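Here is the file input13.csv (CSV, C-alpha atoms).
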chain,number,residue,atom,x,y,z
I,1,MET,CA,-0.8,72.1,8.0
I,2,GLU,CA,-1.4,69.1,10.2
I,3,THR,CA,-3.1,66.1,8.6
I,4,LYS,CA,-5.7,64.4,10.7
I,5,SER,CA,-5.1,60.6,10.7
I,6,LYS,CA,-8.3,58.5,10.3
I,7,GLU,CA,-8.8,55.9,13.0
I,8,PRO,CA,-9.6,52.4,11.8
I,9,PHE,CA,-13.2,51.2,12.4
I,10,PHE,CA,-11.9,48.1,14.3
I,11,HIS,CA,-8.7,46.4,15.3
I,12,ILE,CA,-7.9,42.7,14.7
I,13,SER,CA,-5.7,41.1,17.3
I,14,LYS,CA,-4.6,37.6,18.0
I,15,ARG,CA,-6.5,35.9,20.8
I,16,ASP,CA,-4.8,34.2,23.7
I,17,ASP,CA,-5.5,30.5,24.1
I,18,LEU,CA,-9.3,30.1,24.1
I,19,SER,CA,-10.9,27.5,26.2
I,20,ALA,CA,-12.4,24.5,24.5
I,21,GLY,CA,-15.8,25.3,25.8
I,22,LYS,CA,-15.8,28.8,24.4
I,23,ALA,CA,-14.4,27.6,21.1
I,24,TRP,CA,-17.2,25.0,20.7
I,25,ALA,CA,-19.7,27.6,21.7
I,26,ILE,CA,-18.6,29.8,18.8
I,27,ARG,CA,-18.8,26.8,16.5
I,28,LEU,CA,-22.4,26.0,17.6
I,29,GLY,CA,-23.3,29.6,17.2
I,30,ALA,CA,-22.0,29.6,13.7
I,31,ILE,CA,-24.1,26.5,12.9
I,32,VAL,CA,-27.2,28.1,14.2
I,33,ALA,CA,-26.5,31.3,12.2
I,34,ALA,CA,-25.9,29.2,9.1
I,35,LEU,CA,-29.3,27.4,9.6
I,36,LEU,CA,-31.0,30.8,10.0
I,37,VAL,CA,-29.4,32.1,6.8
I,38,CYS,CA,-30.3,28.9,4.9
I,39,GLY,CA,-33.9,29.3,6.1
I,40,ILE,CA,-34.1,32.9,4.8
I,41,VAL,CA,-32.5,31.9,1.4
I,42,THR,CA,-34.9,28.9,1.1
I,43,THR,CA,-38.0,31.1,1.8
I,44,ILE,CA,-36.9,33.8,-0.6
I,45,VAL,CA,-35.9,31.5,-3.5
I,46,THR,CA,-38.4,28.7,-3.2
I,47,GLY,CA,-41.1,29.9,-0.9
I,48,ILE,CA,-40.9,26.6,1.0
I,49,ASP,CA,-41.2,26.5,4.8
I,50,PRO,CA,-37.5,26.2,6.0
I,51,ILE,CA,-38.7,24.1,9.0
I,52,GLN,CA,-40.0,21.5,6.6
I,53,VAL,CA,-36.7,21.6,4.8
I,54,TYR,CA,-34.8,20.9,8.0
I,55,ILE,CA,-37.1,18.1,8.9
I,56,SER,CA,-36.6,16.6,5.5
I,57,MET,CA,-32.8,16.8,6.0
I,58,PHE,CA,-33.1,15.0,9.3
I,59,GLN,CA,-35.3,12.3,7.8
I,60,GLY,CA,-32.9,11.8,4.9
I,61,ALA,CA,-30.1,10.9,7.3
I,62,PHE,CA,-32.0,9.3,10.2
I,63,GLY,CA,-35.6,8.7,8.9
I,64,THR,CA,-35.5,4.9,9.0
I,65,THR,CA,-33.3,2.2,10.4
I,66,ARG,CA,-31.8,1.5,7.0
I,67,LYS,CA,-31.0,5.2,6.5
I,68,ILE,CA,-29.3,5.3,9.9
I,69,TRP,CA,-27.1,2.3,9.0
I,70,ILE,CA,-26.2,3.9,5.7
I,71,THR,CA,-25.3,7.2,7.4
I,72,LEU,CA,-23.1,5.4,9.9
I,73,GLN,CA,-21.5,3.4,7.2
I,74,ASN,CA,-20.7,6.5,5.1
I,75,LEU,CA,-19.5,8.2,8.3
I,76,SER,CA,-17.1,5.3,9.0
I,77,ILE,CA,-15.5,5.5,5.6
I,78,LEU,CA,-15.0,9.3,5.7
I,79,LEU,CA,-13.7,9.0,9.3
I,80,ILE,CA,-11.1,6.4,8.3
I,81,ILE,CA,-9.9,8.6,5.4
I,82,THR,CA,-9.8,11.7,7.7
I,83,LEU,CA,-7.8,9.8,10.3
I,84,ALA,CA,-5.4,8.6,7.6
I,85,LEU,CA,-4.6,12.1,6.4
I,86,THR,CA,-4.2,13.6,9.9
I,87,PRO,CA,-0.7,12.4,10.8
I,88,ALA,CA,0.7,13.9,7.6
I,89,PHE,CA,-1.2,17.2,8.2
I,90,LYS,CA,0.0,17.4,11.8
I,91,MET,CA,3.5,17.0,10.4
I,92,LYS,CA,2.8,19.9,8.0
I,93,PHE,CA,3.1,17.4,5.1
I,94,TRP,CA,0.1,18.4,2.9
I,95,ASN,CA,-1.1,15.0,1.6
I,96,ILE,CA,-3.7,15.9,-1.0
I,97,GLY,CA,-3.3,12.4,-2.5
I,98,GLY,CA,-5.9,10.6,-0.4
I,99,GLU,CA,-8.0,10.0,-3.6
I,100,GLY,CA,-5.2,8.2,-5.3
I,101,GLN,CA,-4.2,6.2,-2.3
I,102,ILE,CA,-7.8,5.0,-1.8
I,103,LEU,CA,-8.1,4.1,-5.5
I,104,MET,CA,-4.9,2.1,-5.4
I,105,GLY,CA,-6.0,0.2,-2.3
I,106,GLY,CA,-9.3,-0.6,-4.1
I,107,LEU,CA,-7.6,-1.6,-7.3
I,108,ALA,CA,-5.4,-4.1,-5.4
I,109,ALA,CA,-8.5,-5.6,-3.7
I,110,ALA,CA,-10.3,-5.8,-7.1
I,111,ALA,CA,-7.3,-7.5,-8.6
I,112,CYS,CA,-7.3,-10.2,-5.9
I,113,MET,CA,-11.0,-10.8,-6.3
I,114,ILE,CA,-10.8,-11.1,-10.1
I,115,CYS,CA,-7.5,-12.8,-10.7
I,116,LEU,CA,-7.4,-15.2,-7.7
I,117,ALA,CA,-11.1,-16.4,-7.8
I,118,GLY,CA,-11.2,-20.2,-8.0
I,119,LYS,CA,-7.4,-20.5,-7.6
I,120,LEU,CA,-7.1,-20.0,-3.8
I,121,PRO,CA,-9.5,-20.5,-0.9
I,122,ASN,CA,-11.7,-17.6,-0.1
I,123,ALA,CA,-10.1,-16.9,3.3
I,124,VAL,CA,-6.7,-16.7,1.7
I,125,ILE,CA,-8.0,-14.3,-1.0
I,126,MET,CA,-9.5,-12.0,1.7
I,127,LEU,CA,-6.2,-12.1,3.6
I,128,LEU,CA,-4.3,-11.2,0.5
I,129,MET,CA,-6.8,-8.4,-0.2
I,130,VAL,CA,-6.1,-6.8,3.1
I,131,ILE,CA,-2.3,-7.1,2.7
I,132,THR,CA,-2.2,-5.8,-0.9
I,133,SER,CA,-4.7,-3.0,-0.3
I,134,ILE,CA,-2.8,-1.6,2.6
I,135,ALA,CA,0.6,-2.1,0.8
I,136,ALA,CA,-0.7,-0.4,-2.4
I,137,GLY,CA,-1.9,2.6,-0.5
I,138,ALA,CA,1.3,2.8,1.5
I,139,ILE,CA,3.5,2.6,-1.6
I,140,TRP,CA,1.4,5.3,-3.3
I,141,GLY,CA,1.8,7.6,-0.3
I,142,GLY,CA,5.5,6.7,0.2
I,143,ILE,CA,6.6,7.7,-3.3
I,144,PRO,CA,6.0,11.5,-2.8
I,145,ALA,CA,7.3,11.2,0.7
I,146,VAL,CA,10.7,9.8,-0.5
I,147,PHE,CA,10.9,12.7,-3.0
I,148,LYS,CA,10.1,15.2,-0.3
I,149,ALA,CA,12.6,13.7,2.2
I,150,LYS,CA,15.5,13.3,-0.2
I,151,TRP,CA,15.1,16.2,-2.7
I,152,GLY,CA,12.7,18.6,-1.0
I,153,THR,CA,10.0,18.4,-3.8
I,154,ASN,CA,6.6,20.1,-3.2
I,155,GLU,CA,4.4,17.4,-1.6
I,156,THR,CA,1.2,19.2,-2.5
I,157,LEU,CA,1.8,19.0,-6.2
I,158,ALA,CA,3.4,15.5,-6.0
I,159,THR,CA,0.5,13.9,-4.1
I,160,LEU,CA,-2.1,15.7,-6.3
I,161,MET,CA,-0.5,14.4,-9.5
I,162,MET,CA,-0.4,10.9,-8.1
I,163,ASN,CA,-4.2,11.1,-7.9
I,164,TYR,CA,-4.5,11.5,-11.7
I,165,ILE,CA,-2.1,8.6,-12.3
I,166,ALA,CA,-4.2,6.4,-10.0
I,167,ILE,CA,-7.4,7.4,-11.8
I,168,GLN,CA,-5.9,6.5,-15.2
I,169,LEU,CA,-4.6,3.2,-13.8
I,170,VAL,CA,-8.0,2.3,-12.6
I,171,ALA,CA,-9.6,3.3,-15.9
I,172,TYR,CA,-7.1,1.1,-17.7
I,173,TYR,CA,-7.9,-2.0,-15.7
I,174,ILE,CA,-11.6,-1.4,-15.9
I,175,ILE,CA,-11.3,-1.8,-19.7
I,176,VAL,CA,-9.1,-4.9,-19.2
I,177,TRP,CA,-11.6,-6.5,-16.8
I,178,GLU,CA,-14.8,-5.1,-18.2
I,179,VAL,CA,-17.9,-7.3,-18.3
I,180,PRO,CA,-19.4,-7.6,-20.8
I,181,LYS,CA,-16.7,-6.5,-23.3
I,182,GLY,CA,-17.3,-3.0,-24.6
I,183,SER,CA,-19.5,-2.0,-21.7
I,184,GLY,CA,-16.7,0.1,-20.1
I,185,LYS,CA,-17.5,-1.1,-16.6
I,186,ILE,CA,-16.8,-4.2,-14.5
I,187,GLY,CA,-20.1,-4.6,-12.7
I,188,ILE,CA,-20.5,-6.6,-9.5
I,189,ILE,CA,-17.4,-8.7,-9.0
I,190,ASN,CA,-18.0,-12.4,-8.3
I,191,GLN,CA,-21.7,-11.8,-7.8
I,192,SER,CA,-22.6,-15.5,-8.2
I,193,ASP,CA,-20.2,-16.9,-5.6
I,194,SER,CA,-19.3,-13.8,-3.5
I,195,ILE,CA,-15.5,-14.7,-3.6
I,196,GLY,CA,-13.6,-11.9,-2.0
I,197,TRP,CA,-16.6,-10.3,-0.4
I,198,LEU,CA,-15.7,-9.2,3.1
I,199,PRO,CA,-17.7,-11.0,5.8
I,200,ASN,CA,-20.8,-9.5,7.6
I,201,ILE,CA,-20.6,-9.0,11.3
I,202,LEU,CA,-23.6,-10.2,13.3
I,203,GLY,CA,-25.4,-10.6,10.1
I,204,SER,CA,-25.2,-6.9,9.1
I,205,LYS,CA,-23.4,-5.8,6.0
I,206,TYR,CA,-23.0,-2.3,7.4
I,207,LEU,CA,-21.3,-3.1,10.7
I,208,LEU,CA,-17.8,-4.1,9.4
I,209,SER,CA,-16.7,-0.6,8.3
I,210,ILE,CA,-18.1,0.9,11.5
I,211,VAL,CA,-16.1,-1.5,13.7
I,212,VAL,CA,-13.0,-0.8,11.6
I,213,ALA,CA,-13.5,3.0,12.0
I,214,VAL,CA,-13.8,2.6,15.8
I,215,ILE,CA,-10.6,0.6,16.0
I,216,VAL,CA,-8.7,3.1,13.7
I,217,THR,CA,-10.0,6.1,15.8
I,218,ILE,CA,-8.8,4.6,19.1
I,219,PHE,CA,-5.5,3.6,17.5
I,220,MET,CA,-4.9,7.0,16.0
I,221,TYR,CA,-5.8,8.8,19.2
I,222,ILE,CA,-3.3,6.8,21.2
I,223,TYR,CA,-0.7,6.9,18.4
I,224,LEU,CA,-0.7,10.7,18.1
I,225,LYS,CA,-1.0,11.6,21.7
I,226,TYR,CA,1.0,9.0,23.7
I,227,SER,CA,3.5,7.3,21.3
I,228,LYS,CA,7.0,8.3,20.5
I,229,HIS,CA,6.1,8.5,16.8
I,230,GLY,CA,3.3,10.9,17.6
I,231,TYR,CA,5.7,13.1,19.6
I,232,GLU,CA,8.1,13.2,16.7
I,233,ILE,CA,5.4,14.1,14.3
I,234,SER,CA,4.4,17.0,16.4
I,235,VAL,CA,7.9,18.3,16.8
I,236,VAL,CA,8.6,18.0,13.0
I,237,GLY,CA,5.4,19.9,12.4
I,238,GLU,CA,6.3,22.7,14.8
I,239,SER,CA,9.9,23.2,13.6
I,240,VAL,CA,12.1,21.1,11.4
I,241,PRO,CA,15.3,22.7,12.7
I,242,THR,CA,14.3,22.0,16.3
I,243,ALA,CA,13.6,18.4,15.4
I,244,ARG,CA,17.0,18.0,13.8
I,245,TYR,CA,18.6,19.7,16.8
I,246,ILE,CA,17.2,17.2,19.3
I,247,GLY,CA,18.2,14.3,17.2
I,248,ILE,CA,15.0,13.4,15.3
I,249,LYS,CA,15.6,12.0,11.8
I,250,VAL,CA,13.2,14.2,9.9
I,251,GLU,CA,13.5,12.2,6.6
I,252,LYS,CA,12.7,9.0,8.4
I,253,VAL,CA,9.6,10.5,10.1
I,254,ILE,CA,8.3,11.9,6.8
I,255,ILE,CA,8.5,8.5,5.0
I,256,ARG,CA,7.2,6.5,8.0
I,257,THR,CA,4.2,8.8,8.5
I,258,MET,CA,3.3,8.8,4.8
I,259,LEU,CA,3.5,5.0,4.7
I,260,LEU,CA,1.0,5.0,7.6
I,261,SER,CA,-1.2,7.6,6.0
I,262,GLY,CA,-1.3,5.8,2.6
I,263,GLY,CA,-1.8,2.4,4.2
I,264,LEU,CA,-5.0,3.6,6.0
I,265,CYS,CA,-6.3,5.2,2.8
I,266,GLY,CA,-5.7,1.8,1.1
I,267,LEU,CA,-7.7,0.2,3.9
I,268,ALA,CA,-10.6,2.5,3.1
I,269,GLY,CA,-10.3,1.4,-0.5
I,270,LEU,CA,-10.5,-2.2,0.6
I,271,LEU,CA,-13.7,-1.5,2.5
I,272,LEU,CA,-15.3,0.3,-0.5
I,273,VAL,CA,-14.5,-2.5,-3.0
I,274,GLY,CA,-14.6,-5.6,-0.9
I,275,GLY,CA,-17.2,-4.7,1.7
I,276,ILE,CA,-19.6,-2.1,0.3
I,277,ASN,CA,-19.7,-1.8,-3.5
I,278,HIS,CA,-18.1,-5.0,-4.7
I,279,THR,CA,-16.8,-3.3,-7.8
I,280,ILE,CA,-14.2,-0.7,-8.8
I,281,THR,CA,-14.8,2.6,-10.6
I,282,THR,CA,-12.8,5.8,-11.0
I,283,THR,CA,-15.5,7.6,-9.0
I,284,ILE,CA,-15.8,5.1,-6.2
I,285,THR,CA,-14.3,7.5,-3.6
I,286,ASP,CA,-17.0,10.2,-4.2
I,287,SER,CA,-14.3,12.8,-3.6
I,288,GLN,CA,-14.0,11.8,0.0
I,289,GLY,CA,-10.2,12.1,-0.2
I,290,PHE,CA,-10.7,15.8,-0.7
I,291,THR,CA,-13.5,16.1,1.8
I,292,ALA,CA,-11.3,14.5,4.5
I,293,VAL,CA,-8.9,17.4,4.1
I,294,MET,CA,-11.6,19.7,5.4
I,295,THR,CA,-13.0,17.5,8.1
I,296,SER,CA,-9.5,16.9,9.5
I,297,TRP,CA,-8.7,20.6,9.5
I,298,MET,CA,-12.1,21.5,11.1
I,299,ALA,CA,-11.4,19.1,13.9
I,300,LYS,CA,-8.0,20.7,14.6
I,301,PHE,CA,-6.4,17.3,13.9
I,302,ASN,CA,-8.2,15.8,17.0
I,303,PRO,CA,-9.4,12.2,16.3
I,304,VAL,CA,-12.3,12.6,18.7
I,305,GLY,CA,-13.4,15.9,17.1
I,306,MET,CA,-13.2,14.2,13.6
I,307,VAL,CA,-16.2,12.0,14.6
I,308,PHE,CA,-18.4,15.1,14.8
I,309,THR,CA,-17.0,16.9,11.8
I,310,CYS,CA,-17.4,13.8,9.6
I,311,LEU,CA,-20.9,13.3,11.0
I,312,LEU,CA,-21.9,16.9,10.1
I,313,ILE,CA,-20.6,16.5,6.5
I,314,ILE,CA,-22.4,13.1,6.0
I,315,PHE,CA,-25.6,14.5,7.5
I,316,MET,CA,-25.6,17.4,5.2
I,317,GLY,CA,-24.9,15.2,2.2
I,318,ARG,CA,-27.6,12.7,3.0
I,319,GLY,CA,-30.0,15.5,4.0
I,320,SER,CA,-29.4,17.4,0.8
I,321,GLY,CA,-30.3,14.4,-1.3
I,322,GLU,CA,-33.6,14.0,0.6
I,323,ILE,CA,-34.4,17.7,0.0
I,324,SER,CA,-34.0,17.2,-3.8
I,325,THR,CA,-36.3,14.2,-3.7
I,326,SER,CA,-39.0,15.6,-1.4
I,327,PHE,CA,-39.4,19.1,-2.8
I,328,GLY,CA,-38.5,18.5,-6.4
I,329,LEU,CA,-35.5,20.8,-6.2
I,330,ASN,CA,-32.4,20.1,-8.2
I,331,GLN,CA,-29.1,19.1,-6.6
I,332,SER,CA,-27.7,22.6,-7.1
I,333,PHE,CA,-30.0,24.0,-4.4
I,334,SER,CA,-28.8,21.4,-2.0
I,335,ASP,CA,-25.2,22.3,-2.8
I,336,ILE,CA,-26.1,25.9,-2.1
I,337,MET,CA,-27.3,25.1,1.4
I,338,THR,CA,-24.3,22.9,2.1
I,339,GLY,CA,-22.0,25.7,0.9
I,340,ILE,CA,-23.6,28.2,3.2
I,341,ILE,CA,-23.3,26.0,6.2
I,342,LEU,CA,-19.7,25.1,5.5
I,343,PHE,CA,-18.9,28.8,4.9
I,344,PHE,CA,-20.1,29.7,8.4
I,345,ILE,CA,-18.4,26.7,10.0
I,346,ILE,CA,-15.1,27.4,8.4
I,347,GLY,CA,-15.4,31.2,8.9
I,348,CYS,CA,-16.0,30.9,12.6
I,349,GLU,CA,-12.5,29.7,13.1
I,350,PHE,CA,-11.4,33.2,12.4
I,351,PHE,CA,-13.3,34.4,15.5
I,352,ILE,CA,-11.8,31.6,17.5
I,353,ASN,CA,-8.2,32.7,16.7
I,354,TYR,CA,-8.7,36.5,16.5
I,355,ARG,CA,-10.7,39.1,18.2
I,356,LEU,CA,-12.3,42.3,16.8
I,357,SER,CA,-12.2,45.4,19.0
I,358,ARG,CA,-13.1,49.1,18.5
I,359,PRO,CA,-10.1,51.5,18.9
I,360,GLN,CA,-10.1,53.6,22.1
I,361,LYS,CA,-10.4,57.3,21.7
I,362,ALA,CA,-7.4,59.4,22.8
I,363,SER,CA,-8.0,61.4,26.0
I,364,ALA,CA,-8.2,65.2,25.5
I,365,GLU,CA,-6.5,66.0,28.9
I,366,VAL,CA,-2.9,67.1,29.0
I,367,PRO,CA,-0.8,64.1,30.1
I,368,ALA,CA,1.1,64.4,33.4
I,369,PRO,CA,4.9,64.6,33.0
I,370,SER,CA,6.6,61.3,33.0
I,371,ALA,CA,9.1,60.2,35.7
I,372,GLU,CA,12.0,60.6,33.3
I,373,ALA,CA,11.1,64.2,32.5
I,374,ALA,CA,10.7,65.0,36.2
I,375,ALA,CA,14.1,63.5,36.9
I,376,ALA,CA,15.6,65.6,34.1
I,377,ASP,CA,14.2,68.8,35.6
I,378,ASP,CA,15.6,67.9,39.0
I,379,SER,CA,19.0,67.3,37.5
I,380,SER,CA,19.0,70.7,35.7
I,381,GLY,CA,17.9,72.5,38.9
I,382,SER,CA,20.8,70.9,40.8
I,383,ASP,CA,23.3,72.1,38.2
I,384,GLU,CA,22.0,75.6,38.5
I,385,ASN,CA,22.3,75.6,42.3
I,386,ILE,CA,25.9,74.3,42.1
I,387,SER,CA,26.8,77.1,39.7
I,388,GLU,CA,25.4,79.7,42.0
I,389,SER,CA,27.2,78.3,45.0
I,390,THR,CA,30.5,78.3,43.0
I,391,GLY,CA,29.9,82.0,42.1
I,392,ALA,CA,29.3,82.9,45.7
I,393,SER,CA,32.4,81.2,46.9
I,394,GLY,CA,34.5,83.0,44.3
I,395,GLY,CA,33.1,86.4,45.5
I,396,SER,CA,34.1,85.8,49.1
I,397,ASP,CA,37.6,84.7,48.1
I,398,GLY,CA,38.1,87.9,46.1
I,399,SER,CA,37.0,90.2,49.0
I,400,GLY,CA,39.5,88.5,51.3
I,401,VAL,CA,42.4,89.2,49.0
I,402,ASP,CA,41.5,92.9,48.8
I,403,GLY,CA,41.3,93.2,52.6
I,404,GLN,CA,44.8,91.7,52.9
I,405,SER,CA,46.3,94.2,50.5
I,406,ALA,CA,44.8,97.2,52.3
I,407,ALA,CA,46.3,96.1,55.6
I,408,GLU,CA,49.8,95.8,54.1
I,409,GLU,CA,49.5,99.4,52.7
I,410,ASN,CA,48.6,100.8,56.2
I,411,ASN,CA,51.6,99.1,57.8
I,412,GLY,CA,53.9,100.6,55.2
I,413,LYS,CA,52.6,104.1,56.0
I,414,GLU,CA,53.2,103.7,59.8
I,415,GLU,CA,56.9,102.7,59.3
I,416,LYS,CA,57.5,105.8,57.3
Rewrite the structure of this file - the entire thing - as structure tokens.
Amino acid sequence: METKSKEPFFHISKRDDLSAGKAWAIRLGAIVAALLVCGIVTTIVTGIDPIQVYISMFQGAFGTTRKIWITLQNLSILLIITLALTPAFKMKFWNIGGEGQILMGGLAAAACMICLAGKLPNAVIMLLMVITSIAAGAIWGGIPAVFKAKWGTNETLATLMMNYIAIQLVAYYIIVWEVPKGSGKIGIINQSDSIGWLPNILGSKYLLSIVVAVIVTIFMYIYLKYSKHGYEISVVGESVPTARYIGIKVEKVIIRTMLLSGGLCGLAGLLLVGGINHTITTTITDSQGFTAVMTSWMAKFNPVGMVFTCLLIIFMGRGSGEISTSFGLNQSFSDIMTGIILFFIIGCEFFINYRLSRPQKASAEVPAPSAEAAAADDSSGSDENISESTGASGGSDGSGVDGQSAAEENNGKEEK
């Protein structure tokens, strides 16, 4: 008995290279769909007009001049961290240790501010803060890179564990430097004389991190796209055997790239401690080291695209806080909306890389014979013709022999 196979409802197939315009159209469509779903959920759960919720989100991020500056400042810090992690990710080195590298950079800056205050000129202290912060982050990123390059250890676990070590180091020095004793916190460092506080640009305390973010973005774009190091990073990320075959020293590339990645994370720590918060805590990063993993991936490791992905995340974070304040909703509802939007944004990448199609129904008509079958039929017909011709030739030869024998018998009779 024949079993009837069940056709699948749809097929999933890999897309060819999709144009950038179509890819961004899919992403924008996903954002619109996410906002519609958020509106429906808001109406069902709270009964609040979703339009008012969206207006409140926008006001939370861009409602006043001060809010705009804070949004841009937060954007700049997240962008620097995202750019810092990108070279490692492009090399397929999964640096999950951004949190720890930021904390170590911030700890180095705080140490200079606390230990060197009154001992060196302020300009020298700030210069040492820059050097030590970048060096501390680079060292913290270089340690797992050396283990990966020399002994092939798992970089994901190594960088993740380095985060916890950094957190405990910061917690230890907070107790050492706590003011007042027993408070468990440092408070504002050098609040009276502002020693070690990074300078304002054009009288604005927000502008420094923004300028640094612009410089780092331009540098990283050129570094990854046009430099020899960027080319080596791409080749190692595509295929380590190929990189070795063409003469690239993979171990050197891994260590060098992670030193750069950690150093830029340390720079972000410097800006957080010396330029924005003027203190150090174990939560000063606000989990941006992990958020940067998502923003880098969403931008496909493109530094220009990271500006928009980071802005989206910061906008949602600032807007969610405003929703909680304006409508008396707790932070959990804001997190729900953020989660829905991120789900759609991340999920749309599937439709950019793959297509869904309905299977075509098989035709009921009898298929025409193939060319190979026709050739086989012609070959068999030729063989039969050859056989018949051979048989006919044999018959004519036999009759000739019989005629010759009869003539010989007649000649014998005449002689007698």
Q: Write out as a count of residues only which residues come within 10 Å of Tyr206 (chain I) when counting all atoms listed in the file, dropping same-chain ones fewer than 4 positions away.
A: 15
(Q) To one decimal place in Å, what is the distance between CA of Phe62 (chain I) and CA of Arg27 (chain I)? (A) 22.8 Å
(Q) Let me make sure I understand: among I:Phe89, I:Tyr54, I:Phe10, I:Trp151, which one has the smallest atom-to-atom distance to Gly39 (chain I) if we use only C-alpha atoms? (A) I:Tyr54
Q: Counting only C-alpha atoms, figure out which residue out of I:Val45, I:Leu35, I:Thr82, I:Val176 gets nearest to Leu311 (chain I).
A: I:Thr82
Q.
Could you tell me how far CA of Ser332 (chain I) sits from CA of Gly60 (chain I), in Å to one decimal place?
A. 17.0 Å
Q: Would you work out the distance separating CA of Leu160 (chain I) from CA of Thr338 (chain I), expressed in Å to one decimal?
A: 24.8 Å
Q. Which residues, written as a VMD selection string, have at least one atom at most 12 Å from Gly289 (chain I), with all atoms listed in the file counted and residues fewer than 2 positions away on the same chain left out?
A. chain I and resid 77 to 86 95 to 103 159 to 160 163 261 to 262 264 to 266 268 to 269 283 to 287 291 to 296
Q | Selection as a list in words: residues within 12 Å of (11.6, 15.8, -2.4), counting only C-alpha atoms | A | Phe93, Gly142, Ile143, Pro144, Ala145, Val146, Phe147, Lys148, Ala149, Lys150, Trp151, Gly152, Thr153, Asn154, Glu155, Thr156, Leu157, Ala158, Thr159, Glu251, Ile254 and Ile255 of chain I
Q) Between I:Ser19, I:Gln59, I:Ser204, I:Thr217, which one has atoms that come closest to Gly305 (chain I), using only C-alpha atoms? A) I:Thr217
Q: Compare I:Val235, I:Leu260, I:Thr281, I:Phe58 by their minimum atom-to-atom distance to Leu169 (chain I), counting only C-alpha atoms, and give me the closest one.
A: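 Closest to Leu169 (chain I), using only C-alpha atoms: I:Thr281.
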